[in-house]
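Okay, data-v5.txt is below, compact mmCIF, C-alpha atoms:
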# COMPACT_ATOMS: atom_id res chain seq x y z
CA VAL A 1244 1.01 5.17 28.67
CA THR A 1245 -0.55 7.57 26.16
CA GLN A 1246 -3.24 5.96 24.04
CA ILE A 1247 -2.91 7.28 20.48
CA PRO A 1248 -5.91 6.69 18.22
CA PRO A 1249 -5.25 5.27 14.74
CA VAL A 1250 -5.40 7.60 11.72
CA GLY A 1251 -6.95 4.88 9.58
CA THR A 1252 -7.42 1.21 8.79
CA GLU A 1253 -5.65 -0.90 6.18
CA TRP A 1254 -7.08 -4.12 4.80
CA VAL A 1255 -4.31 -6.41 3.53
CA VAL A 1256 -5.72 -9.08 1.22
CA ASP A 1257 -3.84 -12.15 -0.06
CA ALA A 1258 -5.58 -14.53 -2.44
CA ARG A 1259 -4.23 -17.84 -3.73
CA GLY A 1260 -5.42 -20.40 -6.27
CA CYS A 1261 -6.68 -17.74 -8.71
CA ASP A 1262 -7.18 -18.35 -12.43
CA PRO A 1263 -3.93 -17.17 -14.12
CA HIS A 1264 -5.83 -15.99 -17.21
CA LYS A 1265 -7.97 -13.69 -15.07
CA LEU A 1266 -4.84 -12.37 -13.33
CA ARG A 1267 -3.39 -11.39 -16.74
CA ASP A 1268 -6.60 -9.74 -17.99
CA ARG A 1269 -6.34 -5.97 -17.65
CA ALA A 1270 -10.06 -5.43 -18.26
CA VAL A 1271 -10.99 -7.85 -15.46
CA LEU A 1272 -8.75 -6.03 -12.98
CA GLU A 1273 -9.92 -2.58 -14.11
CA GLN A 1274 -13.54 -3.61 -13.61
CA PHE A 1275 -12.70 -5.03 -10.18
CA VAL A 1276 -10.97 -1.79 -9.15
CA ALA A 1277 -14.01 0.19 -10.30
CA ARG A 1278 -16.29 -2.13 -8.32
CA VAL A 1279 -14.30 -1.67 -5.10
CA LEU A 1280 -14.32 2.12 -5.55
CA ARG A 1281 -18.08 2.11 -6.10
CA GLU A 1282 -19.13 -0.40 -3.45
CA VAL A 1283 -16.87 0.99 -0.70
CA SER A 1284 -17.79 4.61 -1.65
CA LEU A 1285 -14.16 5.62 -2.22
CA ASN A 1286 -13.13 8.86 -3.94
CA ALA A 1287 -10.32 8.58 -6.50
CA VAL A 1288 -8.28 11.80 -6.69
CA LEU A 1289 -6.70 10.66 -9.98
CA PRO A 1290 -7.64 7.90 -12.45
CA PRO A 1291 -6.23 4.45 -11.54
CA LEU A 1292 -2.64 3.81 -12.61
CA ILE A 1293 -2.37 0.45 -14.38
CA HIS A 1294 0.91 -1.23 -15.28
CA VAL A 1295 1.06 -4.51 -17.17
CA VAL A 1296 4.34 -6.33 -16.60
CA PRO A 1297 5.71 -7.40 -20.02
CA GLY A 1298 5.73 -11.05 -21.05
CA GLU A 1299 3.92 -13.53 -18.83
CA GLY A 1300 3.96 -11.17 -15.83
CA GLY A 1301 1.09 -9.76 -13.85
CA ILE A 1302 -0.63 -6.40 -13.47
CA THR A 1303 -0.30 -3.58 -10.95
CA ALA A 1304 -3.14 -1.16 -10.24
CA MET A 1305 -2.78 1.82 -7.89
CA VAL A 1306 -5.39 4.39 -6.98
CA LEU A 1307 -4.68 7.58 -5.05
CA LEU A 1308 -7.78 8.16 -2.92
CA ALA A 1309 -9.04 11.11 -0.93
CA GLU A 1310 -9.27 8.39 1.79
CA SER A 1311 -5.62 7.19 1.24
CA HIS A 1312 -4.95 4.39 -1.29
CA LEU A 1313 -5.99 1.19 -3.05
CA THR A 1314 -3.41 -1.11 -4.68
CA PHE A 1315 -3.42 -4.47 -6.47
CA HIS A 1316 -0.66 -6.74 -7.70
CA THR A 1317 -1.29 -9.98 -9.56
CA PHE A 1318 1.18 -12.87 -9.91
CA PRO A 1319 -0.27 -15.21 -12.54
CA GLU A 1320 2.71 -17.56 -12.30
CA HIS A 1321 1.72 -18.22 -8.66
CA GLY A 1322 -2.08 -17.87 -9.02
CA THR A 1323 -1.82 -15.06 -6.47
CA LEU A 1324 -3.54 -11.68 -6.17
CA THR A 1325 -2.75 -9.22 -3.39
CA ALA A 1326 -4.61 -6.01 -2.51
CA ASN A 1327 -4.24 -3.19 -0.01
CA LEU A 1328 -7.02 -0.78 0.90
CA TYR A 1329 -5.90 1.99 3.24
CA CYS A 1330 -8.74 4.18 4.39
CA CYS A 1331 -8.39 7.13 6.76
CA SER A 1332 -12.12 7.53 7.25
CA GLU A 1333 -14.44 4.83 8.54
CA ARG A 1334 -15.92 2.27 6.19
CA PRO A 1335 -17.81 -0.94 6.88
CA PRO A 1336 -15.82 -4.07 6.01
CA TRP A 1337 -16.16 -5.17 2.36
CA PRO A 1338 -16.62 -8.89 1.54
CA TRP A 1339 -13.14 -9.34 -0.01
CA PRO A 1340 -13.10 -13.17 0.16
CA GLU A 1341 -16.46 -13.56 -1.56
CA ARG A 1342 -15.70 -10.98 -4.28
CA VAL A 1343 -12.16 -12.18 -5.06
CA THR A 1344 -13.39 -15.77 -5.21
CA GLU A 1345 -16.29 -14.82 -7.50
CA VAL A 1346 -14.17 -12.80 -9.98
CA PHE A 1347 -10.72 -14.46 -9.89
CA GLY A 1348 -11.59 -18.00 -8.78
CA ALA A 1349 -9.46 -17.85 -5.62
CA THR A 1350 -9.39 -21.00 -3.51
CA ARG A 1351 -8.15 -19.16 -0.39
CA VAL A 1352 -8.37 -15.50 0.64
CA ASP A 1353 -6.81 -14.11 3.81
CA VAL A 1354 -7.67 -10.62 5.04
CA ARG A 1355 -5.60 -8.85 7.70
CA THR A 1356 -7.00 -5.66 9.23
CA LEU A 1357 -4.30 -3.26 10.43
CA PRO A 1358 -4.90 -0.10 12.40
CA ARG A 1359 -2.53 2.57 11.05
CA GLY A 1360 -0.69 5.36 12.85
CA GLY A 1361 -1.55 4.42 16.42
CA TYR A 1362 -2.12 1.04 18.01
CA VAL B 1188 -0.76 -28.86 4.44
CA THR B 1189 0.75 -27.25 1.36
CA GLN B 1190 3.40 -24.69 2.18
CA ILE B 1191 3.04 -21.73 -0.21
CA PRO B 1192 6.02 -19.38 -0.40
CA PRO B 1193 5.34 -15.63 -0.18
CA VAL B 1194 5.44 -13.53 -3.37
CA GLY B 1195 7.01 -10.62 -1.50
CA THR B 1196 7.48 -8.66 1.70
CA GLU B 1197 5.69 -5.52 2.84
CA TRP B 1198 7.13 -3.14 5.41
CA VAL B 1199 4.37 -1.20 7.18
CA VAL B 1200 5.77 1.86 8.93
CA ASP B 1201 3.89 4.06 11.43
CA ALA B 1202 5.63 7.11 12.89
CA ARG B 1203 4.30 9.39 15.60
CA GLY B 1204 5.48 12.65 17.16
CA CYS B 1205 6.71 14.09 13.85
CA ASP B 1206 7.18 17.81 13.19
CA PRO B 1207 3.91 19.01 11.55
CA HIS B 1208 5.80 21.54 9.42
CA LYS B 1209 7.92 18.77 7.92
CA LEU B 1210 4.80 16.68 7.27
CA ARG B 1211 3.32 19.58 5.23
CA ASP B 1212 6.51 20.23 3.24
CA ARG B 1213 6.23 18.68 -0.21
CA ALA B 1214 9.94 19.08 -0.94
CA VAL B 1215 10.92 17.23 2.26
CA LEU B 1216 8.67 14.29 1.38
CA GLU B 1217 9.83 14.24 -2.26
CA GLN B 1218 13.45 14.11 -1.15
CA PHE B 1219 12.65 11.34 1.31
CA VAL B 1220 10.92 9.29 -1.39
CA ALA B 1221 13.95 9.74 -3.66
CA ARG B 1222 16.24 8.64 -0.84
CA VAL B 1223 14.27 5.44 -0.20
CA LEU B 1224 14.28 4.62 -3.92
CA ARG B 1225 18.03 5.16 -4.12
CA GLU B 1226 19.11 3.49 -0.87
CA VAL B 1227 16.86 0.43 -1.29
CA SER B 1228 17.74 0.14 -5.02
CA LEU B 1229 14.12 0.32 -6.14
CA ASN B 1230 13.07 0.88 -9.75
CA ALA B 1231 10.24 3.38 -10.29
CA VAL B 1232 8.18 2.51 -13.38
CA LEU B 1233 6.58 5.97 -13.37
CA PRO B 1234 7.50 9.21 -11.60
CA PRO B 1235 6.11 9.48 -8.04
CA LEU B 1236 2.52 10.68 -7.75
CA ILE B 1237 2.26 13.43 -5.15
CA HIS B 1238 -1.02 14.84 -3.85
CA VAL B 1239 -1.17 17.69 -1.37
CA VAL B 1240 -4.43 17.74 0.56
CA PRO B 1241 -5.84 21.31 0.47
CA GLY B 1242 -5.83 23.49 3.58
CA GLU B 1243 -3.99 22.19 6.64
CA GLY B 1244 -4.01 18.59 5.39
CA GLY B 1245 -1.13 16.28 4.67
CA ILE B 1246 0.55 14.82 1.62
CA THR B 1247 0.23 11.52 -0.21
CA ALA B 1248 3.06 10.07 -2.28
CA MET B 1249 2.72 6.88 -4.33
CA VAL B 1250 5.33 5.19 -6.48
CA LEU B 1251 4.61 2.31 -8.85
CA LEU B 1252 7.71 0.12 -8.71
CA ALA B 1253 8.98 -2.73 -10.85
CA GLU B 1254 9.24 -4.39 -7.39
CA SER B 1255 5.59 -3.50 -6.41
CA HIS B 1256 4.92 -0.19 -4.60
CA LEU B 1257 5.95 2.51 -2.16
CA THR B 1258 3.39 4.80 -0.51
CA PHE B 1259 3.39 7.59 2.07
CA HIS B 1260 0.64 9.49 3.84
CA THR B 1261 1.27 12.32 6.27
CA PHE B 1262 -1.18 13.58 8.90
CA PRO B 1263 0.26 16.85 10.25
CA GLU B 1264 -2.71 17.36 12.56
CA HIS B 1265 -1.69 14.16 14.38
CA GLY B 1266 2.10 14.40 13.90
CA THR B 1267 1.86 11.07 12.08
CA LEU B 1268 3.55 9.68 8.97
CA THR B 1269 2.77 6.25 7.57
CA ALA B 1270 4.62 4.37 4.83
CA ASN B 1271 4.26 1.08 2.97
CA LEU B 1272 7.02 -0.56 0.99
CA TYR B 1273 5.91 -3.68 -0.85
CA CYS B 1274 8.77 -5.47 -2.56
CA CYS B 1275 8.41 -8.69 -4.57
CA SER B 1276 12.14 -9.26 -4.82
CA GLU B 1277 14.49 -9.58 -1.87
CA ARG B 1278 15.94 -6.52 -0.21
CA PRO B 1279 17.84 -6.12 3.02
CA PRO B 1280 15.87 -4.25 5.72
CA TRP B 1281 16.21 -0.47 5.56
CA PRO B 1282 16.66 1.56 8.80
CA TRP B 1283 13.18 3.14 8.74
CA PRO B 1284 13.15 4.24 12.42
CA GLU B 1285 16.52 6.02 12.18
CA ARG B 1286 15.73 7.73 8.86
CA VAL B 1287 12.18 8.85 9.76
CA THR B 1288 13.42 10.17 13.09
CA GLU B 1289 16.29 12.03 11.40
CA VAL B 1290 14.16 13.71 8.72
CA PHE B 1291 10.72 14.16 10.33
CA GLY B 1292 11.61 14.27 14.02
CA ALA B 1293 9.50 11.23 14.93
CA THR B 1294 9.45 10.25 18.60
CA ARG B 1295 8.25 6.71 17.92
CA VAL B 1296 8.44 4.54 14.79
CA ASP B 1297 6.91 1.08 14.52
CA VAL B 1298 7.74 -1.24 11.61
CA ARG B 1299 5.71 -4.33 10.86
CA THR B 1300 7.09 -6.82 8.33
CA LEU B 1301 4.39 -8.76 6.48
CA PRO B 1302 4.98 -11.65 4.13
CA ARG B 1303 2.59 -11.29 1.19
CA GLY B 1304 0.76 -13.88 -0.86
CA GLY B 1305 1.65 -16.95 1.17
CA TYR B 1306 2.29 -17.35 4.88
If you convert what's in this file into structure tokens, what do you get?
Amino acid sequence: VTQIPPVGTEWVVDARGCDPHKLRDRAVLEQFVARVLREVSLNAVLPPLIHVVPGEGGITAMVLLAESHLTFHTFPEHGTLTANLYCCSERPPWPWPERVTEVFGATRVDVRTLPRGGY
Amino acid sequence: VTQIPPVGTEWVVDARGCDPHKLRDRAVLEQFVARVLREVSLNAVLPPLIHVVPGEGGITAMVLLAESHLTFHTFPEHGTLTANLYCCSERPPWPWPERVTEVFGATRVDVRTLPRGGY
């Protein structure tokens, strides 16, 4: 058996019980994206792409990183926020549950940590 | 215990043993992205973002979808391609292993299927 090392790590974050008003607030999500970039020392290759779904829908944010990518989708109708941070260079874990709870009022946050490319 | 339904499904694809030349070929990746969009009936909100890492590096492709997102990263130095397809409306499974093997020459393709937002 050949052991193949991973090329990176992806953190898959699912948060429930969030405040729907926060999940519809573009400025709140933009500030959160900026905070993750800053606190995890990530390098955005391009400015974040933000897409607000028309009507009562949620918001998508995507950032192309030198380290891979960061994405968010919010679902105000379900009180749900999901995030992916894929990082192909090492980073210490970030306190996703505490931060998502603080900013979006989540009542439950699950974080899955996936090795990518070899496991 | 409250059962919370998922908001979507994410397919996490890791392919090894790929042809490094294919992994550095922007046109090959662009055509593959277009094929996934077409064959899975996905709706791109914006044109795909493509970023070629300078030197001998790989390529990143990101697509903001009405259905959530599609991302690719290639690592020619490892013969590795990784993809994420996050879809918040139902889709039949797509034959990732067969397609990635056909186009990039992968020798092994693993697909993980993650429910998102409630599980």
Hey, which bits of chain A sit within 9 Å of chain B, and for each residue what's the closest pair of atoms and how far apart in Å (one decimal), counting all atoms listed in the file, rows by chain and increasing number, as a Markdown table?
| residue | atom | partner | partner_atom | distance |
| --- | --- | --- | --- | --- |
| A:Ile1247 | CA | B:Arg1203 | CA | 9.0 |
| A:Val1250 | CA | B:Phe1262 | CA | 7.8 |
| A:Val1255 | CA | B:Arg1303 | CA | 8.8 |
| A:Val1256 | CA | B:Gly1304 | CA | 8.3 |
| A:Asp1257 | CA | B:Gly1304 | CA | 5.0 |
| A:Ala1258 | CA | B:Gly1304 | CA | 6.6 |
| A:Arg1259 | CA | B:Gly1304 | CA | 7.0 |
| A:Val1288 | CA | B:His1238 | CA | 8.4 |
| A:Leu1292 | CA | B:Leu1251 | CA | 8.3 |
| A:His1294 | CA | B:Leu1251 | CA | 8.2 |
| A:Val1296 | CA | B:Ala1253 | CA | 8.2 |
| A:Thr1303 | CA | B:Ser1255 | CA | 7.4 |
| A:Ala1304 | CA | B:Leu1251 | CA | 8.6 |
| A:Met1305 | CA | B:Leu1251 | CA | 7.5 |
| A:Val1306 | CA | B:Met1249 | CA | 8.9 |
| A:Leu1307 | CA | B:Met1249 | CA | 7.5 |
| A:Ala1309 | CA | B:Val1240 | CA | 8.2 |
| A:Ser1311 | CA | B:His1260 | CA | 7.2 |
| A:His1312 | CA | B:Thr1258 | CA | 8.4 |
| A:Thr1314 | CA | B:His1256 | CA | 8.4 |
| A:His1316 | CA | B:Ser1255 | CA | 7.2 |
| A:Phe1318 | CA | B:Val1194 | CA | 7.8 |
| A:His1321 | CA | B:Val1194 | CA | 8.0 |
| A:Thr1323 | CA | B:Gly1304 | CA | 6.3 |
| A:Leu1324 | CA | B:Gly1304 | CA | 7.2 |
| A:Thr1325 | CA | B:Gly1304 | CA | 6.4 |
| A:Asp1353 | CA | B:Gly1304 | CA | 8.9 |
| A:Arg1359 | CA | B:Asp1201 | CA | 6.6 |
| A:Gly1360 | CA | B:Asp1201 | CA | 5.0 |
| A:Gly1361 | CA | B:Asp1201 | CA | 7.4 |
Same-sequence superposition of chain B onto chain A, all C-alpha, as a PDB file with C-alpha atoms, keeping the file's coordinate frame:
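Just written: part_13.pdb:
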ATOM      1  CA  VAL B1188       0.955   5.269  28.713  1.00  0.00           C
ATOM      2  CA  THR B1189      -0.585   7.643  26.194  1.00  0.00           C
ATOM      3  CA  GLN B1190      -3.244   6.017  24.064  1.00  0.00           C
ATOM      4  CA  ILE B1191      -2.917   7.306  20.482  1.00  0.00           C
ATOM      5  CA  PRO B1192      -5.911   6.701  18.222  1.00  0.00           C
ATOM      6  CA  PRO B1193      -5.250   5.266  14.746  1.00  0.00           C
ATOM      7  CA  VAL B1194      -5.384   7.590  11.717  1.00  0.00           C
ATOM      8  CA  GLY B1195      -6.957   4.862   9.593  1.00  0.00           C
ATOM      9  CA  THR B1196      -7.417   1.194   8.795  1.00  0.00           C
ATOM     10  CA  GLU B1197      -5.637  -0.904   6.189  1.00  0.00           C
ATOM     11  CA  TRP B1198      -7.072  -4.119   4.794  1.00  0.00           C
ATOM     12  CA  VAL B1199      -4.311  -6.415   3.521  1.00  0.00           C
ATOM     13  CA  VAL B1200      -5.717  -9.078   1.215  1.00  0.00           C
ATOM     14  CA  ASP B1201      -3.832 -12.153  -0.058  1.00  0.00           C
ATOM     15  CA  ALA B1202      -5.579 -14.540  -2.447  1.00  0.00           C
ATOM     16  CA  ARG B1203      -4.243 -17.842  -3.723  1.00  0.00           C
ATOM     17  CA  GLY B1204      -5.431 -20.390  -6.282  1.00  0.00           C
ATOM     18  CA  CYS B1205      -6.692 -17.741  -8.718  1.00  0.00           C
ATOM     19  CA  ASP B1206      -7.187 -18.340 -12.445  1.00  0.00           C
ATOM     20  CA  PRO B1207      -3.935 -17.169 -14.141  1.00  0.00           C
ATOM     21  CA  HIS B1208      -5.854 -15.995 -17.216  1.00  0.00           C
ATOM     22  CA  LYS B1209      -7.968 -13.680 -15.075  1.00  0.00           C
ATOM     23  CA  LEU B1210      -4.841 -12.366 -13.337  1.00  0.00           C
ATOM     24  CA  ARG B1211      -3.391 -11.383 -16.757  1.00  0.00           C
ATOM     25  CA  ASP B1212      -6.598  -9.731 -17.999  1.00  0.00           C
ATOM     26  CA  ARG B1213      -6.333  -5.962 -17.669  1.00  0.00           C
ATOM     27  CA  ALA B1214     -10.050  -5.421 -18.258  1.00  0.00           C
ATOM     28  CA  VAL B1215     -10.998  -7.841 -15.454  1.00  0.00           C
ATOM     29  CA  LEU B1216      -8.737  -6.036 -12.982  1.00  0.00           C
ATOM     30  CA  GLU B1217      -9.922  -2.586 -14.119  1.00  0.00           C
ATOM     31  CA  GLN B1218     -13.533  -3.608 -13.605  1.00  0.00           C
ATOM     32  CA  PHE B1219     -12.701  -5.020 -10.188  1.00  0.00           C
ATOM     33  CA  VAL B1220     -10.978  -1.789  -9.150  1.00  0.00           C
ATOM     34  CA  ALA B1221     -14.026   0.194 -10.296  1.00  0.00           C
ATOM     35  CA  ARG B1222     -16.291  -2.120  -8.315  1.00  0.00           C
ATOM     36  CA  VAL B1223     -14.298  -1.666  -5.097  1.00  0.00           C
ATOM     37  CA  LEU B1224     -14.329   2.117  -5.542  1.00  0.00           C
ATOM     38  CA  ARG B1225     -18.083   2.112  -6.090  1.00  0.00           C
ATOM     39  CA  GLU B1226     -19.132  -0.416  -3.438  1.00  0.00           C
ATOM     40  CA  VAL B1227     -16.868   0.995  -0.702  1.00  0.00           C
ATOM     41  CA  SER B1228     -17.771   4.609  -1.645  1.00  0.00           C
ATOM     42  CA  LEU B1229     -14.160   5.625  -2.210  1.00  0.00           C
ATOM     43  CA  ASN B1230     -13.138   8.857  -3.930  1.00  0.00           C
ATOM     44  CA  ALA B1231     -10.326   8.560  -6.490  1.00  0.00           C
ATOM     45  CA  VAL B1232      -8.282  11.774  -6.697  1.00  0.00           C
ATOM     46  CA  LEU B1233      -6.701  10.637  -9.975  1.00  0.00           C
ATOM     47  CA  PRO B1234      -7.627   7.898 -12.448  1.00  0.00           C
ATOM     48  CA  PRO B1235      -6.215   4.453 -11.546  1.00  0.00           C
ATOM     49  CA  LEU B1236      -2.630   3.802 -12.612  1.00  0.00           C
ATOM     50  CA  ILE B1237      -2.367   0.445 -14.359  1.00  0.00           C
ATOM     51  CA  HIS B1238       0.914  -1.231 -15.289  1.00  0.00           C
ATOM     52  CA  VAL B1239       1.064  -4.508 -17.169  1.00  0.00           C
ATOM     53  CA  VAL B1240       4.337  -6.332 -16.608  1.00  0.00           C
ATOM     54  CA  PRO B1241       5.726  -7.412 -20.021  1.00  0.00           C
ATOM     55  CA  GLY B1242       5.725 -11.065 -21.060  1.00  0.00           C
ATOM     56  CA  GLU B1243       3.914 -13.537 -18.815  1.00  0.00           C
ATOM     57  CA  GLY B1244       3.945 -11.176 -15.824  1.00  0.00           C
ATOM     58  CA  GLY B1245       1.073  -9.751 -13.856  1.00  0.00           C
ATOM     59  CA  ILE B1246      -0.619  -6.399 -13.465  1.00  0.00           C
ATOM     60  CA  THR B1247      -0.293  -3.586 -10.950  1.00  0.00           C
ATOM     61  CA  ALA B1248      -3.129  -1.168 -10.238  1.00  0.00           C
ATOM     62  CA  MET B1249      -2.785   1.816  -7.899  1.00  0.00           C
ATOM     63  CA  VAL B1250      -5.400   4.389  -6.988  1.00  0.00           C
ATOM     64  CA  LEU B1251      -4.680   7.576  -5.050  1.00  0.00           C
ATOM     65  CA  LEU B1252      -7.767   8.148  -2.912  1.00  0.00           C
ATOM     66  CA  ALA B1253      -9.035  11.098  -0.912  1.00  0.00           C
ATOM     67  CA  GLU B1254      -9.262   8.373   1.793  1.00  0.00           C
ATOM     68  CA  SER B1255      -5.611   7.172   1.246  1.00  0.00           C
ATOM     69  CA  HIS B1256      -4.947   4.380  -1.292  1.00  0.00           C
ATOM     70  CA  LEU B1257      -5.976   1.184  -3.035  1.00  0.00           C
ATOM     71  CA  THR B1258      -3.417  -1.114  -4.676  1.00  0.00           C
ATOM     72  CA  PHE B1259      -3.415  -4.466  -6.466  1.00  0.00           C
ATOM     73  CA  HIS B1260      -0.664  -6.748  -7.701  1.00  0.00           C
ATOM     74  CA  THR B1261      -1.293  -9.975  -9.573  1.00  0.00           C
ATOM     75  CA  PHE B1262       1.167 -12.862  -9.919  1.00  0.00           C
ATOM     76  CA  PRO B1263      -0.282 -15.216 -12.555  1.00  0.00           C
ATOM     77  CA  GLU B1264       2.701 -17.552 -12.301  1.00  0.00           C
ATOM     78  CA  HIS B1265       1.711 -18.226  -8.674  1.00  0.00           C
ATOM     79  CA  GLY B1266      -2.083 -17.869  -9.029  1.00  0.00           C
ATOM     80  CA  THR B1267      -1.837 -15.056  -6.482  1.00  0.00           C
ATOM     81  CA  LEU B1268      -3.540 -11.670  -6.176  1.00  0.00           C
ATOM     82  CA  THR B1269      -2.751  -9.219  -3.401  1.00  0.00           C
ATOM     83  CA  ALA B1270      -4.609  -6.023  -2.510  1.00  0.00           C
ATOM     84  CA  ASN B1271      -4.243  -3.185  -0.014  1.00  0.00           C
ATOM     85  CA  LEU B1272      -7.007  -0.789   0.906  1.00  0.00           C
ATOM     86  CA  TYR B1273      -5.892   1.977   3.242  1.00  0.00           C
ATOM     87  CA  CYS B1274      -8.753   4.167   4.394  1.00  0.00           C
ATOM     88  CA  CYS B1275      -8.389   7.123   6.774  1.00  0.00           C
ATOM     89  CA  SER B1276     -12.117   7.529   7.258  1.00  0.00           C
ATOM     90  CA  GLU B1277     -14.446   4.836   8.546  1.00  0.00           C
ATOM     91  CA  ARG B1278     -15.901   2.258   6.210  1.00  0.00           C
ATOM     92  CA  PRO B1279     -17.782  -0.933   6.906  1.00  0.00           C
ATOM     93  CA  PRO B1280     -15.804  -4.088   6.010  1.00  0.00           C
ATOM     94  CA  TRP B1281     -16.166  -5.178   2.389  1.00  0.00           C
ATOM     95  CA  PRO B1282     -16.605  -8.907   1.537  1.00  0.00           C
ATOM     96  CA  TRP B1283     -13.135  -9.352  -0.001  1.00  0.00           C
ATOM     97  CA  PRO B1284     -13.086 -13.189   0.166  1.00  0.00           C
ATOM     98  CA  GLU B1285     -16.467 -13.562  -1.569  1.00  0.00           C
ATOM     99  CA  ARG B1286     -15.710 -10.983  -4.279  1.00  0.00           C
ATOM    100  CA  VAL B1287     -12.160 -12.184  -5.068  1.00  0.00           C
ATOM    101  CA  THR B1288     -13.385 -15.768  -5.214  1.00  0.00           C
ATOM    102  CA  GLU B1289     -16.276 -14.795  -7.504  1.00  0.00           C
ATOM    103  CA  VAL B1290     -14.174 -12.804  -9.986  1.00  0.00           C
ATOM    104  CA  PHE B1291     -10.726 -14.457  -9.909  1.00  0.00           C
ATOM    105  CA  GLY B1292     -11.591 -17.983  -8.796  1.00  0.00           C
ATOM    106  CA  ALA B1293      -9.458 -17.836  -5.641  1.00  0.00           C
ATOM    107  CA  THR B1294      -9.378 -20.982  -3.512  1.00  0.00           C
ATOM    108  CA  ARG B1295      -8.163 -19.173  -0.400  1.00  0.00           C
ATOM    109  CA  VAL B1296      -8.362 -15.505   0.625  1.00  0.00           C
ATOM    110  CA  ASP B1297      -6.814 -14.108   3.793  1.00  0.00           C
ATOM    111  CA  VAL B1298      -7.651 -10.602   5.037  1.00  0.00           C
ATOM    112  CA  ARG B1299      -5.609  -8.871   7.695  1.00  0.00           C
ATOM    113  CA  THR B1300      -6.992  -5.671   9.228  1.00  0.00           C
ATOM    114  CA  LEU B1301      -4.294  -3.274  10.433  1.00  0.00           C
ATOM    115  CA  PRO B1302      -4.883  -0.109  12.397  1.00  0.00           C
ATOM    116  CA  ARG B1303      -2.516   2.561  11.075  1.00  0.00           C
ATOM    117  CA  GLY B1304      -0.685   5.356  12.836  1.00  0.00           C
ATOM    118  CA  GLY B1305      -1.544   4.441  16.408  1.00  0.00           C
ATOM    119  CA  TYR B1306      -2.157   1.064  18.007  1.00  0.00           C
TER     120      TYR B1306
END
(request) Would you work out the distance separating atom CA of A:Arg1269 from atom CA of A:Val1295, expressed in Å to one decimal? (result)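 Atom CA of A:Arg1269 sits 7.6 Å away from atom CA of A:Val1295.
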(message) Just the number, please: distance in Å from atom CA of B:Cys1274 to atom CA of B:Glu1197, one decimal.
(response)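 That distance, rounded to one decimal, is 6.2 Å.
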(request) Compile the contact shell of B:Val1287 as JSON, numbers by chain: residues with an atom at most 9 Å away, counting only C-alpha atoms, same-chain residues fewer than 2 positions apart removed. (result) {"B": [1202, 1205, 1219, 1268, 1282, 1283, 1284, 1285, 1289, 1290, 1291, 1292, 1293, 1296]}
(request) Using all atoms listed in the file, find the one residue out of B:Leu1272, B:Glu1264, B:Glu1277, B:Asn1230 that sits nearest to B:Thr1300. (result)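 Nearest candidate to B:Thr1300 out of B:Leu1272, B:Glu1264, B:Glu1277, B:Asn1230: B:Leu1272.
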(request) Figure out the distance between atom CA of B:Ala1214 and atom CA of B:Val1227, please, to one decimal in Å. (result) 19.9 Å
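With all atoms listed in the file as the basis for measurement, B:Gly1204 is the residue among B:Gly1204, B:Glu1217, B:Leu1257, B:Leu1229 that approaches B:Thr1288 most closely.
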Around stretch 1286-1303 of chain A, fit a box with edges along x, y and z, padding it by 4 Å on each side, then list its centre and edge lengths in Å to one decimal as AutoDock Vina command-line options.
--center_x -3.7 --center_y -0.9 --center_z -12.5 --size_x 26.9 --size_y 33.3 --size_z 25.1
(message) Would you pick out the contacts of A:His1264 at 8 Å or less, using all atoms listed in the file, so that residues sharing its chain but fewer than 3 positions from it are not included, and give the list as a PyMOL selection string?
(response) chain A and resi 1267-1268+1319
(request) Have a look at A:Gly1301, A:Leu1280, A:Gly1251, A:Ala1287 and name the one nearest to A:Leu1266; count all atoms listed in the file. (result)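 Among the listed residues, the smallest separation from A:Leu1266 belongs to A:Gly1301.
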